[in-house]
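What follows is a set of notes on a single structure, which appears directly below.
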There are 2 protein chains.
Amino acid sequence: MQSNLPHLQSTFTTDCVIFGFQEGELKVLLIERNEYPFKGWWALPGFFVEQNETIDDAVKRILHEHTGLRGIYMEQLYTFGDLKRHPQGRIITVAYYALLRLDDLKSHLEPQTDYAKQAVWHPLNDLPELAFDHRHIIDKSILKVRRKISYSPIAFELLPEKFTLTQLQQLYEAIWGRKLDKRNFRKKMLNYDILKELPEFQRGVSYRAARLYKLDKRKYAKVFQNELTFAR
Amino acid sequence: MQSNLPHLQSTFTTDCVIFGFQEGELKVLLIERNEYPFKGWWALPGFFVEQNETIDDAVKRILHEHTGLRGIYMEQLYTFGDLKRHPQGRIITVAYYALLRLDDLKSHLEPQTDYAKQAVWHPLNDLPELAFDHRHIIDKSILKVRRKISYSPIAFELLPEKFTLTQLQQLYEAIWGRKLDKRNFRKKMLNYDILKELPEFQRGVSYRAARLYKLDKRKYAKVFQNELTFAR
DNA sequence: AATATAGTGTGTATTTGTTACACTATCGAA
DNA sequence: TTCGATAGTGTAACAAATACACACTATATT
C-alpha cells in the first residue's frame, strides 16, 4: 500500500458482495486488485459511480464487468462512510449484495476490466484478508441474507432452476450455519406450496437419485408479496 | 420552485424520518423549507454531509439542530440516488429514521437553523405534499419500522420511560395499522419477561388508572442481542 | 344517587406450528 | 450380490398463537 496518493475530492463508490452456492457451501466472489491503493489485495468488486448513472445501474454495470452476466438478483445493503475507510480521502461506498446461480460454467470468471487481475470464488468461511473495510461489509451482508431468507424466498436465487430438496436444505444450513432436521425441513417447504414437483430425477449420482423440484413462480410471487414469515 | 438554479457538483446529503408517538398515533417531524429549491414546501429534516464528519455524525447533528436533543435512537434506512431526485443535479441522500420519545415539552420544537422556517409534527396518516422524493423515503421507512418491531424491541424508544400496556399496544397497532387482541397482546408481552411492573399507576385520568411498566434493561439487552422473533 | 362510559384485568379451549426421532428404498460401484 | 451412500417417509408430544366473555374500577353527567 502506498502512502503519497493523491487526495480525491469527495465522491462515492459502490461495492458488491456476490454470493454463490457450490458444493454445499456459500462462496463470495473476490477480485485481486490491480491498482493502488491495496494493489495485489483481495477485495470486493466495486468502482466509482458515474455522474450520469443511478447507483443501481452502477452495480449492474460492475456485476456485468466481473461476471459477464446480467439480470442478477441484487439488493442494497448499507452505506459506509467512515472517514478513514479509504486511504485517499473520504469516499462513501454504497454496498450491495447479489445472489448468483452458480454452475460449472461460472466457476471461473474472467473480469472484463483491467482494474482486477482475477476474480475468484472464496468460501465464506475461509476468506483472505481484505482491502478497505470489505471484511466488515461481508459480515454485515451475511447477517442481512440470514435474516432475509426467513421471510422471503430469496434462497432460490442461489440454486439452479431444477434442484433437489437436499440442495435447498444444504443452502439454508450454509446460510444459517446450523443443521436442520430433514423431515421437518421437507414438511415445511412442501407445505408452503411454492415448489413444483418435476417428473425428473438427478442423473449420474452413485446413489439413489433424488427428485428434482422447481419454483412455482405464480405461487412464489404470492408468498413474496405478503412477505410472510417463511422459514425458521 | 425556481428553474435556473446553479448546478451543484456531485455531493450527498442525509435526510431523517423522525417518528414520534402521541395521542395514539404515529407522527413524523417535517420542516417548512426556507431555501430554494422547494422553498415553502414541507420536507424531511436533512442537509449536506460535511467533508470531515461521518454520515452518522451528520445525522446526529441534524437531529440536534431540529429537535435540540441528543442520544436519539436512529438507524440507517436506505440510500437514494436517482438522477432526477434533486433539481440541482445528482445528489445522493443517505436516509435514516429516528425514534423519539415525545412528551408535551417536545411537541413544539424550534429548529436551530435558518434553513427551516418551522418544524411541525404531522400525523403519518395525513401528510402534506412533500419536497423531492421525501414521500417515498417515508413510505420506505414505515415499512422498515413495521418489520423491525417484529424482531426487535425498538418500539420502546417511542414510549416514555413509564408506560401502560395499553399505550404499548396502541403503538403496535399504529405501526402495524391493525387492531390487536388485548388479552393476547398482554399475555405475550408479559411472557417475554422484559417489562418491570412498577408499584405506580397513571394519574389524572378520568377512569380506572392503569398500572405503569418500564423496560427491564438487563433482560431487554438479552432479547435484543438474540434478535429473536419478538412479536407478530 | 343513578347511569353511562371507557378502560383495566383475568381464564380457557382450540388451532397451529415446532420439535424429536428411525427405518426402508434406491442407485451405482466394486 | 453386497456395500456404501443418499433419498424418502410419519407420528406423537409439546409449545405458541389465537379466539373469545365477562367482571371490575374510576370518573363524568344527569
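Naming works like this for the C-alpha cells: A, B, ... for the chains as they're shown, residue 1 at the start of each chain, ligands 1 onward in shown order.
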
Using only C-alpha atoms (C1' of nucleotides), find which residues of chain C lie within 10 Å of chain B and jot them down as a short mmCIF file (atom, residue, chain, number, x, y, z; two decimals) with C-alpha atoms (C1' of nucleotides), in the first residue's frame.
```cif
data_model
loop_
_atom_site.label_atom_id
_atom_site.label_comp_id
_atom_site.auth_asym_id
_atom_site.auth_seq_id
_atom_site.Cartn_x
_atom_site.Cartn_y
_atom_site.Cartn_z
"C1'" DT C 5 -68.75 5.38 29.50
"C1'" DA C 6 -64.28 3.87 28.97
"C1'" DG C 7 -60.61 1.45 30.19
"C1'" DT C 8 -58.40 -2.37 33.24
"C1'" DG C 9 -57.84 -7.07 34.23
"C1'" DT C 10 -58.28 -12.06 34.17
#
```

Please, which residues of region 17-71 of chain B, numbered as in this document, come out strand (DSSP E) from DSSP, as a ChimeraX atom specification? /B:17-22,25-33,42-43,46-48

Create the file for the chosen residues now, containing N, CA and C atoms and written as a PDB file, in the first residue's frame.
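Wrote it out as again.pdb, contents follow:
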```
ATOM      1  N   VAL B  17     -36.103  10.585   8.795  1.00  0.00           N
ATOM      2  CA  VAL B  17     -37.520  10.443   9.126  1.00  0.00           C
ATOM      3  C   VAL B  17     -37.602  10.278  10.643  1.00  0.00           C
ATOM      4  N   ILE B  18     -38.088  11.314  11.320  1.00  0.00           N
ATOM      5  CA  ILE B  18     -38.157  11.270  12.782  1.00  0.00           C
ATOM      6  C   ILE B  18     -39.583  10.909  13.183  1.00  0.00           C
ATOM      7  N   PHE B  19     -39.727   9.741  13.804  1.00  0.00           N
ATOM      8  CA  PHE B  19     -41.042   9.290  14.235  1.00  0.00           C
ATOM      9  C   PHE B  19     -41.274   9.646  15.698  1.00  0.00           C
ATOM     10  N   GLY B  20     -42.480  10.049  15.982  1.00  0.00           N
ATOM     11  CA  GLY B  20     -42.907  10.234  17.361  1.00  0.00           C
ATOM     12  C   GLY B  20     -44.257   9.581  17.541  1.00  0.00           C
ATOM     13  N   PHE B  21     -44.653   9.353  18.789  1.00  0.00           N
ATOM     14  CA  PHE B  21     -45.924   8.693  19.057  1.00  0.00           C
ATOM     15  C   PHE B  21     -46.686   9.526  20.069  1.00  0.00           C
ATOM     16  N   GLN B  22     -47.878   9.958  19.697  1.00  0.00           N
ATOM     17  CA  GLN B  22     -48.632  10.860  20.546  1.00  0.00           C
ATOM     18  C   GLN B  22     -50.113  10.690  20.266  1.00  0.00           C
ATOM     19  N   GLU B  25     -51.298   7.982  17.918  1.00  0.00           N
ATOM     20  CA  GLU B  25     -50.935   7.871  16.505  1.00  0.00           C
ATOM     21  C   GLU B  25     -49.480   8.232  16.256  1.00  0.00           C
ATOM     22  N   LEU B  26     -48.966   7.701  15.158  1.00  0.00           N
ATOM     23  CA  LEU B  26     -47.585   7.951  14.769  1.00  0.00           C
ATOM     24  C   LEU B  26     -47.492   9.305  14.082  1.00  0.00           C
ATOM     25  N   LYS B  27     -46.445  10.030  14.416  1.00  0.00           N
ATOM     26  CA  LYS B  27     -46.233  11.341  13.808  1.00  0.00           C
ATOM     27  C   LYS B  27     -44.832  11.407  13.213  1.00  0.00           C
ATOM     28  N   VAL B  28     -44.695  12.265  12.241  1.00  0.00           N
ATOM     29  CA  VAL B  28     -43.416  12.478  11.576  1.00  0.00           C
ATOM     30  C   VAL B  28     -43.082  13.956  11.671  1.00  0.00           C
ATOM     31  N   LEU B  29     -41.831  14.261  12.010  1.00  0.00           N
ATOM     32  CA  LEU B  29     -41.414  15.660  12.112  1.00  0.00           C
ATOM     33  C   LEU B  29     -41.006  16.177  10.734  1.00  0.00           C
ATOM     34  N   LEU B  30     -41.720  17.200  10.266  1.00  0.00           N
ATOM     35  CA  LEU B  30     -41.408  17.803   8.969  1.00  0.00           C
ATOM     36  C   LEU B  30     -41.004  19.255   9.178  1.00  0.00           C
ATOM     37  N   ILE B  31     -40.165  19.741   8.312  1.00  0.00           N
ATOM     38  CA  ILE B  31     -39.800  21.156   8.362  1.00  0.00           C
ATOM     39  C   ILE B  31     -40.406  21.874   7.163  1.00  0.00           C
ATOM     40  N   GLU B  32     -40.629  23.165   7.363  1.00  0.00           N
ATOM     41  CA  GLU B  32     -41.013  24.001   6.229  1.00  0.00           C
ATOM     42  C   GLU B  32     -39.728  24.620   5.704  1.00  0.00           C
ATOM     43  N   ARG B  33     -39.410  24.337   4.473  1.00  0.00           N
ATOM     44  CA  ARG B  33     -38.130  24.782   3.918  1.00  0.00           C
ATOM     45  C   ARG B  33     -38.101  26.291   3.753  1.00  0.00           C
ATOM     46  N   TRP B  42     -43.064  21.450   2.556  1.00  0.00           N
ATOM     47  CA  TRP B  42     -42.715  20.572   3.669  1.00  0.00           C
ATOM     48  C   TRP B  42     -41.710  19.535   3.204  1.00  0.00           C
ATOM     49  N   ALA B  43     -40.786  19.208   4.112  1.00  0.00           N
ATOM     50  CA  ALA B  43     -39.715  18.268   3.734  1.00  0.00           C
ATOM     51  C   ALA B  43     -39.183  17.584   4.982  1.00  0.00           C
ATOM     52  N   GLY B  46     -32.908  17.510   6.912  1.00  0.00           N
ATOM     53  CA  GLY B  46     -31.742  16.914   6.267  1.00  0.00           C
ATOM     54  C   GLY B  46     -30.825  17.994   5.769  1.00  0.00           C
ATOM     55  N   PHE B  47     -29.578  17.602   5.485  1.00  0.00           N
ATOM     56  CA  PHE B  47     -28.648  18.600   4.981  1.00  0.00           C
ATOM     57  C   PHE B  47     -27.437  17.903   4.384  1.00  0.00           C
ATOM     58  N   PHE B  48     -26.550  18.730   3.830  1.00  0.00           N
ATOM     59  CA  PHE B  48     -25.339  18.170   3.249  1.00  0.00           C
ATOM     60  C   PHE B  48     -24.457  17.577   4.333  1.00  0.00           C
TER      61      PHE B  48
END
```

Residues of chain D within 10 Å of chain A, counting only C-alpha atoms (C1' of nucleotides), as a ChimeraX atom specification: /D:4-10

Expected answer as a PDB file with N, CA and C atoms, in the first residue's frame: chain B residues within 7 Å of chain A, only C-alpha atoms:
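Output (iface.pdb):
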```
ATOM      1  N   THR B  11     -22.420  15.477  -4.859  1.00  0.00           N
ATOM      2  CA  THR B  11     -22.231  15.512  -3.427  1.00  0.00           C
ATOM      3  C   THR B  11     -23.410  14.801  -2.802  1.00  0.00           C
ATOM      4  N   ASN B  52     -15.662  16.352   6.774  1.00  0.00           N
ATOM      5  CA  ASN B  52     -14.907  15.777   7.890  1.00  0.00           C
ATOM      6  C   ASN B  52     -15.811  15.134   8.940  1.00  0.00           C
ATOM      7  N   GLU B  53     -17.016  14.774   8.569  1.00  0.00           N
ATOM      8  CA  GLU B  53     -17.877  14.095   9.534  1.00  0.00           C
ATOM      9  C   GLU B  53     -18.411  12.817   8.904  1.00  0.00           C
ATOM     10  N   THR B  54     -18.599  11.814   9.745  1.00  0.00           N
ATOM     11  CA  THR B  54     -19.212  10.587   9.239  1.00  0.00           C
ATOM     12  C   THR B  54     -20.686  10.855   8.971  1.00  0.00           C
ATOM     13  N   ILE B  55     -21.312   9.926   8.278  1.00  0.00           N
ATOM     14  CA  ILE B  55     -22.737  10.114   7.976  1.00  0.00           C
ATOM     15  C   ILE B  55     -23.530  10.082   9.275  1.00  0.00           C
ATOM     16  N   TYR B  78     -31.765   3.653   3.942  1.00  0.00           N
ATOM     17  CA  TYR B  78     -31.531   3.338   2.537  1.00  0.00           C
ATOM     18  C   TYR B  78     -30.884   4.558   1.905  1.00  0.00           C
ATOM     19  N   THR B  79     -30.189   4.323   0.809  1.00  0.00           N
ATOM     20  CA  THR B  79     -29.550   5.423   0.095  1.00  0.00           C
ATOM     21  C   THR B  79     -30.219   5.600  -1.250  1.00  0.00           C
ATOM     22  N   GLY B  81     -30.474   7.448  -4.909  1.00  0.00           N
ATOM     23  CA  GLY B  81     -29.571   8.107  -5.845  1.00  0.00           C
ATOM     24  C   GLY B  81     -30.125   8.268  -7.245  1.00  0.00           C
ATOM     25  N   ASP B  82     -31.431   8.398  -7.372  1.00  0.00           N
ATOM     26  CA  ASP B  82     -31.984   8.623  -8.716  1.00  0.00           C
ATOM     27  C   ASP B  82     -31.432   9.911  -9.305  1.00  0.00           C
ATOM     28  N   LEU B  83     -31.280   9.911 -10.619  1.00  0.00           N
ATOM     29  CA  LEU B  83     -30.658  11.067 -11.275  1.00  0.00           C
ATOM     30  C   LEU B  83     -31.520  12.317 -11.152  1.00  0.00           C
TER      31      LEU B  83
END
```

Separation of CA of Thr14 (chain B) from CA of Ala131 (chain B) in Å: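 If I compute the distance from CA of Ala131 (chain B) to CA of Thr14 (chain B), I get 14.2 Å.
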
From B:Asn184, B:Gln202, B:Ser152, B:Gln88, residue lying nearest DC20 (chain D) [only C-alpha atoms (C1' of nucleotides)]: B:Asn184

Which residues are close to Leu171 (chain B), i.e. within 12 Å by only C-alpha atoms (C1' of nucleotides), leaving aside same-chain residues fewer than 6 positions away? Reply as an mmCIF file with N, CA and C atoms, in the first residue's frame.
```cif
data_model
loop_
_atom_site.group_PDB
_atom_site.id
_atom_site.type_symbol
_atom_site.label_atom_id
_atom_site.label_comp_id
_atom_site.auth_asym_id
_atom_site.auth_seq_id
_atom_site.Cartn_x
_atom_site.Cartn_y
_atom_site.Cartn_z
ATOM 1 N N PHE B 19 -39.727 9.741 13.804
ATOM 2 C CA PHE B 19 -41.042 9.290 14.235
ATOM 3 C C PHE B 19 -41.274 9.646 15.698
ATOM 4 N N GLY B 20 -42.480 10.049 15.982
ATOM 5 C CA GLY B 20 -42.907 10.234 17.361
ATOM 6 C C GLY B 20 -44.257 9.581 17.541
ATOM 7 N N PHE B 21 -44.653 9.353 18.789
ATOM 8 C CA PHE B 21 -45.924 8.693 19.057
ATOM 9 C C PHE B 21 -46.686 9.526 20.069
ATOM 10 N N GLN B 22 -47.878 9.958 19.697
ATOM 11 C CA GLN B 22 -48.632 10.860 20.546
ATOM 12 C C GLN B 22 -50.113 10.690 20.266
ATOM 13 N N GLU B 23 -50.892 10.696 21.337
ATOM 14 C CA GLU B 23 -52.334 10.571 21.194
ATOM 15 C C GLU B 23 -52.718 9.370 20.351
ATOM 16 N N GLY B 24 -52.001 8.282 20.584
ATOM 17 C CA GLY B 24 -52.351 7.039 19.902
ATOM 18 C C GLY B 24 -52.036 6.989 18.426
ATOM 19 N N GLU B 25 -51.298 7.982 17.918
ATOM 20 C CA GLU B 25 -50.935 7.871 16.505
ATOM 21 C C GLU B 25 -49.480 8.232 16.256
ATOM 22 N N LEU B 26 -48.966 7.701 15.158
ATOM 23 C CA LEU B 26 -47.585 7.951 14.769
ATOM 24 C C LEU B 26 -47.492 9.305 14.082
ATOM 25 N N LYS B 27 -46.445 10.030 14.416
ATOM 26 C CA LYS B 27 -46.233 11.341 13.808
ATOM 27 C C LYS B 27 -44.832 11.407 13.213
ATOM 28 N N VAL B 145 -39.724 0.021 9.757
ATOM 29 C CA VAL B 145 -40.064 0.021 11.181
ATOM 30 C C VAL B 145 -41.086 -1.074 11.474
ATOM 31 N N ARG B 146 -42.050 -1.226 10.578
ATOM 32 C CA ARG B 146 -43.086 -2.234 10.763
ATOM 33 C C ARG B 146 -42.478 -3.633 10.859
ATOM 34 N N ILE B 149 -40.042 -3.899 14.321
ATOM 35 C CA ILE B 149 -40.622 -4.127 15.648
ATOM 36 C C ILE B 149 -41.068 -5.568 15.827
ATOM 37 N N PRO B 153 -37.078 -4.992 19.996
ATOM 38 C CA PRO B 153 -37.952 -4.176 20.841
ATOM 39 C C PRO B 153 -37.721 -2.680 20.681
ATOM 40 N N ILE B 154 -37.646 -2.202 19.448
ATOM 41 C CA ILE B 154 -37.399 -0.777 19.232
ATOM 42 C C ILE B 154 -38.604 0.074 19.590
ATOM 43 N N ALA B 155 -39.765 -0.540 19.721
ATOM 44 C CA ALA B 155 -40.971 0.238 19.983
ATOM 45 C C ALA B 155 -40.813 1.072 21.245
ATOM 46 N N PHE B 156 -40.080 0.568 22.219
ATOM 47 C CA PHE B 156 -39.948 1.273 23.495
ATOM 48 C C PHE B 156 -39.243 2.607 23.346
ATOM 49 N N GLU B 157 -38.500 2.778 22.246
ATOM 50 C CA GLU B 157 -37.858 4.069 22.002
ATOM 51 C C GLU B 157 -38.892 5.171 21.815
ATOM 52 N N LEU B 158 -40.100 4.787 21.465
ATOM 53 C CA LEU B 158 -41.143 5.776 21.176
ATOM 54 C C LEU B 158 -42.013 6.073 22.386
ATOM 55 N N LEU B 159 -41.845 5.295 23.450
ATOM 56 C CA LEU B 159 -42.688 5.463 24.630
ATOM 57 C C LEU B 159 -41.930 6.199 25.722
ATOM 58 N N PRO B 160 -42.657 6.858 26.637
ATOM 59 C CA PRO B 160 -41.978 7.432 27.801
ATOM 60 C C PRO B 160 -41.410 6.313 28.661
ATOM 61 N N PHE B 163 -44.794 3.495 31.138
ATOM 62 C CA PHE B 163 -45.901 3.431 30.181
ATOM 63 C C PHE B 163 -46.870 2.332 30.621
ATOM 64 N N THR B 164 -48.065 2.411 30.080
ATOM 65 C CA THR B 164 -49.055 1.368 30.357
ATOM 66 C C THR B 164 -49.057 0.363 29.211
ATOM 67 N N LEU B 165 -49.588 -0.808 29.500
ATOM 68 C CA LEU B 165 -49.657 -1.816 28.450
ATOM 69 C C LEU B 165 -50.580 -1.373 27.320
ATOM 70 N N GLY B 177 -50.933 -0.811 11.781
ATOM 71 C CA GLY B 177 -52.166 -0.424 11.121
ATOM 72 C C GLY B 177 -53.289 -1.420 11.263
ATOM 73 N N ARG B 178 -53.295 -2.184 12.360
ATOM 74 C CA ARG B 178 -54.426 -3.090 12.594
ATOM 75 C C ARG B 178 -54.613 -3.302 14.081
ATOM 76 N N LYS B 179 -55.835 -3.665 14.441
ATOM 77 C CA LYS B 179 -56.170 -3.886 15.836
ATOM 78 C C LYS B 179 -55.601 -5.219 16.335
ATOM 79 N N LEU B 180 -55.228 -5.242 17.599
ATOM 80 C CA LEU B 180 -54.726 -6.470 18.199
ATOM 81 C C LEU B 180 -55.646 -6.855 19.352
ATOM 82 N N PHE B 185 -52.262 -9.826 23.503
ATOM 83 C CA PHE B 185 -51.120 -8.912 23.448
ATOM 84 C C PHE B 185 -50.425 -8.832 24.809
#
```

Please provide as a tab-separated table (two decimals) with N, CA and C atoms (P, O5', C5', C4', C3', O3' and C1' of nucleotides), in the first residue's frame all residues within 10 Å of DT29 (chain D), with the sequence filter that same-chain residues fewer than 2 positions apart are discarded (counting only C-alpha atoms (C1' of nucleotides)).
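Wrote result-v5.tsv, looks like this:
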```tsv
chain	number	residue	atom	x	y	z
C	3	DT	P	-80.37	3.49	37.57
C	3	DT	O5'	-79.42	4.12	36.47
C	3	DT	C5'	-79.80	5.37	35.87
C	3	DT	C4'	-78.74	5.76	34.86
C	3	DT	C3'	-78.21	4.58	34.03
C	3	DT	O3'	-78.26	4.95	32.67
C	3	DT	C1'	-76.42	5.84	34.92
C	4	DA	P	-77.95	3.88	31.52
C	4	DA	O5'	-76.69	4.58	30.82
C	4	DA	C5'	-76.74	5.98	30.57
C	4	DA	C4'	-75.38	6.43	30.13
C	4	DA	C3'	-74.68	5.48	29.14
C	4	DA	O3'	-74.08	6.28	28.13
C	4	DA	C1'	-73.31	5.79	31.03
D	27	DT	P	-60.81	8.55	39.93
D	27	DT	O5'	-61.90	9.23	38.99
D	27	DT	C5'	-61.56	9.47	37.63
D	27	DT	C4'	-62.80	9.74	36.84
D	27	DT	C3'	-63.57	10.98	37.27
D	27	DT	O3'	-63.24	12.02	36.35
D	27	DT	C1'	-64.97	9.17	36.58
```
